[in-house]
file coords_32.txt (compact mmCIF, C-alpha atoms)
# COMPACT_ATOMS: atom_id res chain seq x y z
CA MET U 1 118.69 28.23 -5.15
CA ALA U 2 119.90 30.50 -2.35
CA ASP U 3 117.53 28.89 0.07
CA ASP U 4 118.48 30.53 3.36
CA HIS U 5 118.62 33.96 1.72
CA TRP U 6 115.18 33.51 0.14
CA ARG U 7 113.77 32.07 3.33
CA THR U 8 114.88 35.19 5.22
CA LEU U 9 113.40 37.43 2.54
CA MET U 10 110.14 35.49 2.53
CA ARG U 11 109.82 35.78 6.30
CA ALA U 12 110.15 39.55 5.91
CA VAL U 13 107.66 39.50 3.04
CA GLN U 14 105.06 37.79 5.20
CA ALA U 15 105.50 40.64 7.69
CA GLY U 16 104.88 43.19 4.92
CA ASP U 17 108.46 44.32 4.03
CA THR U 18 108.16 45.83 0.53
CA ALA U 19 111.91 46.21 -0.10
CA ALA U 20 112.51 42.55 0.71
CA TYR U 21 109.61 41.64 -1.53
CA ARG U 22 111.07 43.51 -4.52
CA ARG U 23 114.40 41.74 -4.09
CA LEU U 24 112.70 38.39 -3.75
CA LEU U 25 110.51 38.91 -6.81
CA VAL U 26 113.47 39.93 -8.98
CA GLU U 27 115.56 36.93 -7.90
CA VAL U 28 112.71 34.43 -7.99
CA GLY U 29 111.57 35.85 -11.33
CA SER U 30 114.98 35.04 -12.86
CA TRP U 31 114.89 31.54 -11.39
CA LEU U 32 111.39 30.98 -12.77
CA GLN U 33 112.41 32.14 -16.24
CA ALA U 34 115.30 29.66 -16.23
CA TYR U 35 112.97 26.95 -14.89
CA TYR U 36 110.34 27.43 -17.59
CA SER U 37 112.85 27.93 -20.39
CA ARG U 38 113.87 24.30 -19.88
CA ARG U 39 110.30 23.09 -19.93
CA LEU U 40 108.19 25.25 -22.22
CA PRO U 41 108.39 26.78 -25.69
CA SER U 42 110.13 30.15 -25.54
CA GLY U 43 106.95 32.08 -26.34
CA MET U 44 105.33 30.80 -23.15
CA VAL U 45 108.23 31.32 -20.73
CA ASP U 46 107.55 34.93 -19.69
CA ASP U 47 103.83 34.39 -19.27
CA ALA U 48 104.39 31.28 -17.17
CA ALA U 49 107.00 32.99 -14.99
CA GLN U 50 104.74 36.01 -14.43
CA GLU U 51 101.81 33.80 -13.58
CA ALA U 52 103.94 31.90 -11.06
CA LEU U 53 105.00 35.21 -9.48
CA MET U 54 101.35 36.23 -9.14
CA THR U 55 100.63 32.85 -7.56
CA LEU U 56 103.52 33.31 -5.15
CA HIS U 57 101.92 36.62 -4.20
CA ALA U 58 98.46 35.11 -3.71
CA LYS U 59 99.70 32.07 -1.78
CA ARG U 60 102.50 33.63 0.25
CA HIS U 61 100.63 32.85 3.48
CA THR U 62 101.04 29.10 2.80
CA TYR U 63 104.83 29.25 3.17
CA ASP U 64 106.17 28.08 6.51
CA PRO U 65 109.52 29.87 7.19
CA SER U 66 110.67 26.96 9.36
CA LYS U 67 110.89 24.87 6.18
CA PRO U 68 113.12 25.30 3.10
CA PHE U 69 111.88 27.80 0.53
CA GLY U 70 113.11 25.85 -2.53
CA PRO U 71 110.65 22.93 -2.43
CA TRP U 72 107.75 25.33 -1.82
CA LEU U 73 108.71 27.50 -4.80
CA ALA U 74 109.44 24.46 -6.99
CA ALA U 75 106.03 22.98 -6.12
CA ILE U 76 104.28 26.18 -7.21
CA ALA U 77 106.37 26.43 -10.39
CA ARG U 78 105.65 22.80 -11.25
CA TYR U 79 101.92 23.19 -10.57
CA LYS U 80 101.76 26.14 -12.95
CA TRP U 81 103.84 24.23 -15.51
CA ILE U 82 101.30 21.40 -15.47
CA ASP U 83 98.57 24.03 -15.95
CA ARG U 84 100.42 25.22 -19.05
CA LEU U 85 100.63 21.67 -20.39
CA ARG U 86 96.88 21.34 -19.89
CA ALA U 87 96.34 24.65 -21.67
CA MET U 88 98.43 23.34 -24.58
CA LYS U 89 96.12 20.35 -24.70
CA ALA U 90 93.03 22.56 -24.79
CA ALA U 91 94.42 25.03 -27.34
CA PRO U 92 92.86 24.68 -30.81
CA THR U 93 95.78 23.61 -32.96
CA GLU U 94 94.13 24.54 -36.24
CA GLU U 95 94.03 28.20 -35.30
CA LEU U 96 97.77 28.56 -34.61
CA SER U 97 99.61 30.80 -37.01
CA GLU U 98 101.99 28.67 -39.00
CA ASP U 99 104.76 31.26 -38.88
CA LEU U 100 104.48 31.67 -35.15
CA ALA U 101 104.49 27.95 -34.56
CA VAL U 102 107.49 27.37 -36.81
CA ARG U 103 109.41 30.19 -35.16
CA ASP U 104 108.73 28.74 -31.72
CA CYS U 105 109.29 25.09 -32.41
CA GLY U 106 113.02 24.99 -33.05
CA GLU U 107 113.98 26.48 -29.74
CA ALA U 108 111.22 24.63 -27.97
CA VAL U 109 112.42 21.24 -29.13
CA GLN U 110 116.02 22.03 -28.19
CA SER U 111 115.43 23.69 -24.86
CA ALA U 112 112.46 21.81 -23.40
CA ARG U 113 114.53 18.90 -22.15
CA SER U 114 112.08 17.89 -19.50
CA LEU U 115 109.21 17.96 -21.93
CA GLU U 116 111.22 15.80 -24.31
CA ALA U 117 112.03 13.35 -21.52
CA LEU U 118 108.32 13.04 -20.76
CA LEU U 119 107.49 12.63 -24.44
CA GLU U 120 109.90 9.73 -24.64
CA ARG U 121 107.81 7.91 -22.06
CA LEU U 122 104.71 8.03 -24.28
CA LYS U 123 103.86 5.57 -27.02
CA PRO U 124 105.83 6.53 -30.17
CA ALA U 125 102.65 7.23 -32.15
CA GLN U 126 101.40 9.64 -29.46
CA ALA U 127 104.77 11.34 -28.97
CA ASN U 128 105.27 11.81 -32.73
CA ALA U 129 101.80 13.28 -33.19
CA ILE U 130 102.35 15.73 -30.31
CA ARG U 131 105.80 16.73 -31.59
CA LEU U 132 104.53 17.41 -35.10
CA VAL U 133 101.33 19.25 -34.24
CA LYS U 134 101.93 20.88 -30.84
CA ILE U 135 105.64 21.62 -31.08
CA GLU U 136 106.51 21.84 -34.77
CA GLY U 137 103.19 23.46 -35.65
CA LEU U 138 102.02 21.19 -38.45
CA THR U 139 98.31 20.98 -39.16
CA ILE U 140 96.53 17.76 -38.22
CA LYS U 141 96.29 16.82 -41.91
CA GLU U 142 99.99 17.44 -42.54
CA ALA U 143 100.90 15.38 -39.50
CA ALA U 144 98.55 12.61 -40.63
CA ASP U 145 100.20 12.53 -44.05
CA LYS U 146 103.66 12.52 -42.54
CA LEU U 147 102.87 9.77 -40.03
CA GLY U 148 100.80 7.69 -42.43
CA GLN U 149 97.84 7.81 -40.01
CA THR U 150 94.26 8.92 -40.45
CA ILE U 151 93.28 12.40 -39.27
CA SER U 152 91.10 11.00 -36.50
CA LEU U 153 93.88 8.71 -35.29
CA VAL U 154 96.27 11.67 -35.05
CA LYS U 155 93.65 13.61 -33.04
CA VAL U 156 93.13 10.65 -30.71
CA ASN U 157 96.89 10.19 -30.26
CA ILE U 158 97.33 13.87 -29.43
CA HIS U 159 94.43 13.87 -26.99
CA ARG U 160 95.53 10.71 -25.19
CA GLY U 161 99.19 11.66 -25.29
CA LEU U 162 98.62 15.09 -23.74
CA ARG U 163 96.43 13.59 -21.07
CA GLN U 164 99.13 11.07 -20.21
CA LEU U 165 101.76 13.80 -20.36
CA GLY U 166 99.88 15.74 -17.69
CA GLU U 167 99.60 12.61 -15.56
CA LEU U 168 103.30 11.79 -15.96
CA ALA U 169 104.25 15.33 -15.01
CA GLN U 170 102.07 15.08 -11.94
CA GLU U 171 103.50 11.67 -11.02
CA GLU U 172 107.10 12.87 -11.27
CA GLY U 173 107.30 14.04 -7.67
CA HIS U 174 108.61 17.29 -6.34
CA GLU U 175 112.33 16.96 -6.90
CA PHE U 176 113.94 19.34 -9.39
CA MET X 177 102.87 43.30 -18.91
CA SER X 178 106.63 43.62 -18.35
CA PHE X 179 108.39 41.97 -15.42
CA ASP X 180 109.27 45.31 -13.86
CA SER X 181 105.71 46.60 -13.91
CA LEU X 182 104.43 43.31 -12.50
CA ILE X 183 106.97 43.48 -9.67
CA ASP X 184 105.94 47.10 -8.97
CA ARG X 185 102.29 46.11 -8.92
CA LEU X 186 102.81 43.14 -6.62
CA ALA X 187 105.09 45.11 -4.27
CA ASP X 188 102.52 47.94 -4.06
CA ASP X 189 99.87 45.37 -3.23
CA LEU X 190 101.89 43.78 -0.40
CA THR X 191 100.28 43.55 3.01
CA PRO X 192 101.31 41.47 6.03
CA VAL X 193 99.69 38.04 6.00
CA ARG X 194 98.54 35.68 8.72
CA ARG X 195 100.46 32.51 8.00
CA ARG X 196 98.46 29.33 7.40
CA ARG X 197 98.95 26.91 10.30
CA PRO X 198 97.92 23.27 9.74
CA TRP X 199 97.10 22.66 13.41
CA VAL X 200 94.63 25.57 13.37
CA ASP X 201 92.97 23.98 10.31
CA MET X 202 92.81 20.64 12.14
CA LEU X 203 91.23 22.25 15.20
CA THR X 204 88.71 24.04 12.96
CA ILE X 205 87.63 20.83 11.26
CA ALA X 206 87.52 18.98 14.59
CA ALA X 207 85.27 21.72 15.97
CA ILE X 208 82.91 21.48 12.98
CA ALA X 209 82.75 17.69 13.25
CA LEU X 210 82.17 17.65 17.01
CA ALA X 211 79.55 20.40 16.76
CA GLU X 212 77.69 18.33 14.17
CA LEU X 213 77.80 15.25 16.41
CA ALA X 214 76.64 17.21 19.44
CA LEU X 215 73.77 18.70 17.42
CA LEU X 216 72.68 15.23 16.32
CA PHE X 217 72.46 14.08 19.94
CA VAL X 218 70.59 17.23 20.92
CA VAL X 219 67.93 16.73 18.23
CA GLY X 220 67.48 13.08 19.24
CA PHE X 221 69.16 11.50 16.23
CA ALA X 222 70.74 8.72 18.33
CA HIS X 223 69.07 5.31 18.24
CA MET X 224 66.80 4.55 21.19
CA SER X 225 68.54 1.26 21.97
CA LEU X 226 72.00 2.78 21.84
CA HIS X 227 72.68 1.85 25.46
CA ARG X 228 71.96 -1.82 24.61
CA MET X 229 74.15 -1.65 21.50
CA MET X 230 77.07 -0.50 23.66
CA THR X 231 77.63 -4.18 24.49
CA GLU X 232 77.87 -5.10 20.78
CA PRO X 233 81.47 -5.49 19.59
CA THR X 234 80.48 -4.28 16.11
CA LEU X 235 79.59 -0.85 17.54
CA TRP X 236 83.13 -0.42 18.85
CA TRP X 237 84.59 -1.86 15.63
CA ARG X 238 82.66 0.75 13.62
CA LEU X 239 83.53 3.65 15.91
CA ALA X 240 87.22 2.75 16.14
CA SER X 241 87.63 2.09 12.39
CA LEU X 242 85.70 5.12 11.17
CA GLY X 243 87.19 7.42 13.79
CA LEU X 244 90.71 6.33 12.87
CA ILE X 245 90.11 6.65 9.12
CA SER X 246 88.48 10.05 9.54
CA ILE X 247 91.26 11.47 11.72
CA LEU X 248 94.09 10.10 9.57
CA SER X 249 92.60 11.14 6.24
CA GLY X 250 91.61 14.55 7.58
CA ALA X 251 95.14 15.16 8.90
CA LEU X 252 96.66 14.02 5.59
CA ALA X 253 94.27 16.19 3.58
CA ILE X 254 95.14 19.26 5.66
CA ARG X 255 98.89 18.55 5.37
CA SER X 256 98.48 18.27 1.61
CA PHE X 257 97.17 21.85 1.47
CA ASP X 258 100.90 22.71 1.70
CA PRO X 259 102.12 22.83 -1.93
CA ALA X 260 105.36 21.05 -1.09
CA TYR X 261 103.66 18.05 0.55
CA SER X 262 102.67 15.02 -1.53
CA PRO X 263 99.90 12.86 -0.05
CA LYS X 264 100.80 9.85 -2.22
CA GLY X 265 102.52 7.77 0.47
CA GLY X 266 99.95 8.60 3.14
CA LEU X 267 97.11 7.57 0.87
CA ARG X 268 98.69 4.14 0.36
CA TRP X 269 98.91 3.58 4.12
CA LEU X 270 95.34 4.73 4.49
CA ALA X 271 94.16 2.24 1.86
CA LEU X 272 95.92 -0.52 3.81
CA ILE X 273 94.25 0.58 7.05
CA ILE X 274 90.82 0.54 5.38
CA VAL X 275 91.40 -2.99 4.09
CA ILE X 276 92.51 -4.13 7.56
CA CYS X 277 89.43 -2.55 9.20
CA LEU X 278 87.04 -4.18 6.70
CA THR X 279 88.76 -7.58 7.01
CA PHE X 280 88.60 -7.36 10.79
CA GLY X 281 84.86 -6.66 10.64
CA LEU X 282 84.16 -9.51 8.25
CA LEU X 283 86.11 -11.87 10.49
CA MET X 284 83.83 -10.83 13.36
CA GLY X 285 81.05 -12.82 11.71
CA GLY X 286 80.42 -11.13 8.46
CA LEU X 287 81.52 -13.85 6.05
CA PRO X 288 78.57 -14.70 3.79
CA GLY X 289 77.12 -18.19 3.65
CA GLY X 290 75.29 -18.37 0.31
CA LEU X 291 73.51 -16.03 -2.12
CA ALA X 292 70.11 -16.14 -0.39
CA SER X 293 71.74 -15.45 2.93
CA ILE X 294 73.65 -12.50 1.46
CA ALA X 295 70.48 -10.96 -0.02
CA ASP X 296 68.67 -11.29 3.33
CA ARG X 297 71.53 -9.90 5.33
CA LEU X 298 72.09 -6.92 3.03
CA ASP X 299 68.47 -5.65 3.25
CA TRP X 300 68.99 -3.22 0.39
CA THR X 301 66.04 -0.92 1.13
CA SER X 302 67.42 -0.08 4.57
CA GLY X 303 70.93 -0.08 3.14
CA VAL X 304 70.17 2.62 0.60
CA GLU X 305 68.61 4.77 3.32
CA CYS X 306 71.68 4.27 5.52
CA ALA X 307 74.04 5.24 2.69
CA TYR X 308 71.96 8.33 1.93
CA LYS X 309 71.96 9.51 5.55
CA MET X 310 75.70 8.91 5.87
CA ALA X 311 76.31 10.99 2.75
CA LEU X 312 74.20 13.83 4.15
CA LEU X 313 76.08 13.77 7.45
CA SER X 314 79.39 14.10 5.63
CA VAL X 315 78.40 17.43 4.06
CA PRO X 316 79.39 19.82 6.93
CA PRO X 317 82.98 18.53 7.32
CA LEU X 318 83.32 18.35 3.54
CA ILE X 319 82.35 22.00 3.16
CA GLY X 320 84.78 22.90 5.95
CA LEU X 321 87.62 21.03 4.27
CA ALA X 322 86.80 22.56 0.88
CA LEU X 323 86.99 26.08 2.33
CA LEU X 324 90.29 25.32 4.05
CA GLY X 325 91.59 23.79 0.82
CA ARG X 326 90.82 26.98 -1.05
CA ARG X 327 92.82 28.98 1.46
CA GLY X 328 95.71 26.52 1.15
CA ALA X 329 97.57 25.54 -2.00
CA PRO X 330 97.14 21.81 -2.71
CA THR X 331 99.17 20.74 -5.73
CA ASP X 332 97.86 17.19 -6.08
CA LEU X 333 94.29 17.80 -7.22
CA ARG X 334 93.56 14.10 -7.60
CA ARG X 335 94.65 12.74 -4.23
CA THR X 336 93.86 15.70 -1.98
CA PRO X 337 90.14 15.72 -2.94
CA LEU X 338 90.08 11.95 -2.36
CA LEU X 339 91.45 12.46 1.13
CA MET X 340 89.02 15.30 1.82
CA GLY X 341 86.13 13.12 0.66
CA LEU X 342 87.34 10.17 2.68
CA ALA X 343 87.73 12.22 5.86
CA ALA X 344 84.25 13.72 5.51
CA ALA X 345 82.67 10.39 4.51
CA ALA X 346 84.25 8.53 7.42
CA TRP X 347 83.04 11.22 9.81
CA GLY X 348 79.53 11.07 8.32
CA ALA X 349 79.53 7.30 8.83
CA PHE X 350 80.97 7.69 12.36
CA SER X 351 78.11 10.03 13.27
CA PHE X 352 75.59 7.71 11.68
CA VAL X 353 76.77 4.78 13.83
CA PHE X 354 74.84 6.27 16.77
CA ALA X 355 71.59 6.15 14.80
CA CYS X 356 72.10 2.85 12.98
CA PRO X 357 70.17 -0.12 14.38
CA PHE X 358 72.04 -2.70 12.31
CA THR X 359 74.83 -4.77 13.81
CA ASP X 360 75.54 -7.34 11.06
CA PRO X 361 79.19 -6.82 10.00
CA LEU X 362 78.42 -7.77 6.36
CA TYR X 363 75.61 -5.21 6.15
CA ILE X 364 77.84 -2.60 7.75
CA ALA X 365 80.85 -3.36 5.56
CA VAL X 366 78.80 -3.17 2.35
CA TRP X 367 76.47 -0.23 3.00
CA TYR X 368 78.93 1.89 4.94
CA SER X 369 81.38 1.37 2.07
CA VAL X 370 78.68 2.40 -0.43
CA GLY X 371 77.80 5.53 1.57
CA CYS X 372 81.45 6.52 1.98
CA GLY X 373 82.23 5.62 -1.64
CA ILE X 374 79.54 7.95 -2.97
CA VAL X 375 80.95 10.87 -0.98
CA VAL X 376 84.53 10.11 -2.03
CA VAL X 377 83.58 9.90 -5.72
CA LEU X 378 81.61 13.16 -5.54
CA ALA X 379 84.50 14.85 -3.73
CA ARG X 380 86.95 13.61 -6.36
CA LEU X 381 84.72 15.01 -9.12
CA ILE X 382 83.70 18.33 -7.57
CA LEU X 383 86.48 19.48 -5.25
CA PRO X 384 89.29 19.85 -7.85
CA ARG X 385 87.24 22.65 -9.44
CA ILE X 386 86.90 24.39 -6.07
CA ALA X 387 90.47 23.80 -4.89
CA ARG X 388 92.15 24.82 -8.17
CA TRP X 389 94.33 27.94 -7.83
call {"tool": "encode", "arguments": {"input": "coords_32.txt", "output": "structure tokens"}}
result
Amino acid sequence: MADDHWRTLMRAVQAGDTAAYRRLLVEVGSWLQAYYSRRLPSGMVDDAAQEALMTLHAKRHTYDPSKPFGPWLAAIARYKWIDRLRAMKAAPTEELSEDLAVRDCGEAVQSARSLEALLERLKPAQANAIRLVKIEGLTIKEAADKLGQTISLVKVNIHRGLRQLGELAQEEGHEF
Amino acid sequence: MSFDSLIDRLADDLTPVRRRRPWVDMLTIAAIALAELALLFVVGFAHMSLHRMMTEPTLWWRLASLGLISILSGALAIRSFDPAYSPKGGLRWLALIIVICLTFGLLMGGLPGGLASIADRLDWTSGVECAYKMALLSVPPLIGLALLGRRGAPTDLRRTPLLMGLAAAAWGAFSFVFACPFTDPLYIAVWYSVGCGIVVVLARLILPRIARW
């Protein structure tokens, strides 16, 4: 991150400088896309980055120019990432289009290194259920057959695993 | 929406902002808390034998402990409205301070001497009333902190509401000290903890919904 450069731009933004704001949004937007591409399925990256930009806009008064810009931006990006993980937990898996899920999952599994690192910290049964249903797009029944578990056990493992995933992400601290 | 059109929209919407300053937030909360305390004295909330209780060491133990906890947790809560600040370490220190304050009070003569003695000393009917009044007194600073939290950007929506609740609860208990006729450290440790605990639990349950952004 070009911290001093962004800090200068952000100071100007707080004073209402539109040109500085456009530059900042373009540069931060690219950084956010790279950030989320390592953490989310590709289909969610643009939405997450745009939402983080809107949050930056709404919360720009909370930035203190005497402090580095990077940790402030990273904290906002991470907060919105955790929101996305929660949204994944709440999303009804049965209603996902199979084609869409299959198209997304390959890149998601390869690129979401941080997500994978967090999954490795879960119990294997929970991590496997989440991988199959939430990332690879299998139905609950297909995942249950593949894992040799009952349907309700798969649902419980997904629910508990996603909850723990959110907690782990929150516990990870602010360093990126 | 494409990135370019979003950037255009946000840039068109740009206006100068007044930067959030933590010390202004702290002064605001201090003003709310002191105004509440002053109002309580004006309406005659203070106990009639307060001047006699001034010689009781437990009065000063309560005021010092609750004042310290309230100030520290309030300052930590306000700092944690900055998205880049994590209140985790501060909360640990605060927990240690609370344990030290409670232990100190129990050593002042609060150690129980049997079940019957405990039941007598706890006087649960008065205790419930005390806890209820403390919880009510914590409402104004809690509302103030919640509003400031909404203007800020807290990223730890588990610990920040705990700190907000603790700050408000400790201030509610601090204010209640002036109206509380009880001086038994065991009674105080138990019922003040219950009163503060209720506020902290409610804050933990309710405030994340308000502070979410």
call {"tool": "interface_residues", "arguments": {"input": "coords_32.txt", "of": "chain U", "to": "chain X", "cutoff": "6 Å", "atoms": "all atoms listed in the file", "output": "PDB file with C-alpha atoms, in the coordinates of the input"}}
result
ATOM      1  CA  GLN U  14     105.060  37.790   5.200  1.00  0.00           C
ATOM      2  CA  ALA U  15     105.500  40.640   7.690  1.00  0.00           C
ATOM      3  CA  GLY U  16     104.880  43.190   4.920  1.00  0.00           C
ATOM      4  CA  THR U  18     108.160  45.830   0.530  1.00  0.00           C
ATOM      5  CA  HIS U  61     100.630  32.850   3.480  1.00  0.00           C
ATOM      6  CA  THR U  62     101.040  29.100   2.800  1.00  0.00           C
ATOM      7  CA  PRO U  71     110.650  22.930  -2.430  1.00  0.00           C
ATOM      8  CA  TRP U  72     107.750  25.330  -1.820  1.00  0.00           C
ATOM      9  CA  ALA U  75     106.030  22.980  -6.120  1.00  0.00           C
TER      10      ALA U  75
END
call {"tool": "closest_residue", "arguments": {"input": "coords_32.txt", "among": "X:Ile319, X:Val376, X:Ala355, X:Trp367", "to": "Ser225 in chain X", "atoms": "all atoms listed in the file"}}
result
X:Ala355
call {"tool": "atom_distance", "arguments": {"input": "coords_32.txt", "atom1": "CA of Ala311 in chain X", "atom2": "CA of Leu216 in chain X"}}
result
14.7 Å
call {"tool": "residues_around", "arguments": {"input": "coords_32.txt", "residues": "Thr336 in chain X", "least_positions_apart": "5", "cutoff": "7 Å", "atoms": "all atoms listed in the file", "output": "number ranges by chain"}}
result
X: 253, 256, 263, 330
call {"tool": "closest_residue", "arguments": {"input": "coords_32.txt", "among": "X:Ile374, X:Ala211, X:Glu232, X:Pro361", "to": "Arg297 in chain X", "atoms": "only C-alpha atoms"}}
result
X:Pro361
call {"tool": "residues_around", "arguments": {"input": "coords_32.txt", "residues": "Leu282 in chain X", "least_positions_apart": "4", "cutoff": "12 Å", "atoms": "all atoms listed in the file", "output": "number ranges by chain"}}
result
X: 234, 237-238, 275-278, 286-288, 359-366
call {"tool": "write_last_selection", "arguments": {"input": "coords_32.txt", "atoms": "C-alpha atoms", "output": "PDB file, in the frame of the given file"}}
result
ATOM      1  CA  THR X 234      80.480  -4.280  16.110  1.00  0.00           C
ATOM      2  CA  TRP X 237      84.590  -1.860  15.630  1.00  0.00           C
ATOM      3  CA  ARG X 238      82.660   0.750  13.620  1.00  0.00           C
ATOM      4  CA  VAL X 275      91.400  -2.990   4.090  1.00  0.00           C
ATOM      5  CA  ILE X 276      92.510  -4.130   7.560  1.00  0.00           C
ATOM      6  CA  CYS X 277      89.430  -2.550   9.200  1.00  0.00           C
ATOM      7  CA  LEU X 278      87.040  -4.180   6.700  1.00  0.00           C
ATOM      8  CA  GLY X 286      80.420 -11.130   8.460  1.00  0.00           C
ATOM      9  CA  LEU X 287      81.520 -13.850   6.050  1.00  0.00           C
ATOM     10  CA  PRO X 288      78.570 -14.700   3.790  1.00  0.00           C
ATOM     11  CA  THR X 359      74.830  -4.770  13.810  1.00  0.00           C
ATOM     12  CA  ASP X 360      75.540  -7.340  11.060  1.00  0.00           C
ATOM     13  CA  PRO X 361      79.190  -6.820  10.000  1.00  0.00           C
ATOM     14  CA  LEU X 362      78.420  -7.770   6.360  1.00  0.00           C
ATOM     15  CA  TYR X 363      75.610  -5.210   6.150  1.00  0.00           C
ATOM     16  CA  ILE X 364      77.840  -2.600   7.750  1.00  0.00           C
ATOM     17  CA  ALA X 365      80.850  -3.360   5.560  1.00  0.00           C
ATOM     18  CA  VAL X 366      78.800  -3.170   2.350  1.00  0.00           C
TER      19      VAL X 366
END
call {"tool": "residues_around", "arguments": {"input": "coords_32.txt", "residues": "Glu120 in chain U", "least_positions_apart": "5", "cutoff": "12 Å", "atoms": "only C-alpha atoms", "output": "PyMOL selection string"}}
result
chain U and resi 113-115+125-128+130-131+161+164-165+168
call {"tool": "write_last_selection", "arguments": {"input": "coords_32.txt", "atoms": "C-alpha atoms", "output": "CSV table (one decimal), in the frame of the given file"}}
result
chain,number,residue,atom,x,y,z
U,113,ARG,CA,114.5,18.9,-22.2
U,114,SER,CA,112.1,17.9,-19.5
U,115,LEU,CA,109.2,18.0,-21.9
U,125,ALA,CA,102.6,7.2,-32.2
U,126,GLN,CA,101.4,9.6,-29.5
U,127,ALA,CA,104.8,11.3,-29.0
U,128,ASN,CA,105.3,11.8,-32.7
U,130,ILE,CA,102.4,15.7,-30.3
U,131,ARG,CA,105.8,16.7,-31.6
U,161,GLY,CA,99.2,11.7,-25.3
U,164,GLN,CA,99.1,11.1,-20.2
U,165,LEU,CA,101.8,13.8,-20.4
U,168,LEU,CA,103.3,11.8,-16.0
call {"tool": "closest_residue", "arguments": {"input": "coords_32.txt", "among": "X:Gly266, X:Gly325, X:Gly371, X:Gly341", "to": "Gly303 in chain X", "atoms": "all atoms listed in the file"}}
result
X:Gly371
call {"tool": "residues_around", "arguments": {"input": "coords_32.txt", "residues": "range 148-160 of chain U", "least_positions_apart": "2", "cutoff": "12 Å", "atoms": "all atoms listed in the file", "output": "NGL selection string"}}
result
:U and (85-86 or 88-94 or 119 or 122-135 or 138-146 or 162-167)
call {"tool": "atom_distance", "arguments": {"input": "coords_32.txt", "atom1": "CA of Arg60 in chain U", "atom2": "CA of Ser37 in chain U"}}
result
23.8 Å
call {"tool": "atom_distance", "arguments": {"input": "coords_32.txt", "atom1": "CA of Gly29 in chain U", "atom2": "CA of Ala52 in chain U"}}
result
8.6 Å
call {"tool": "residues_near_point", "arguments": {"input": "coords_32.txt", "point": "(111.3, 35.9, -5.4)", "cutoff": "9 Å", "atoms": "all atoms listed in the file", "output": "list in words"}}
result
Trp6, Leu9, Met10, Tyr21, Arg22, Arg23, Leu24, Leu25, Val26, Glu27, Val28, Gly29, Ser30, Trp31, Leu32, Leu53, Leu56 and Leu73 of chain U
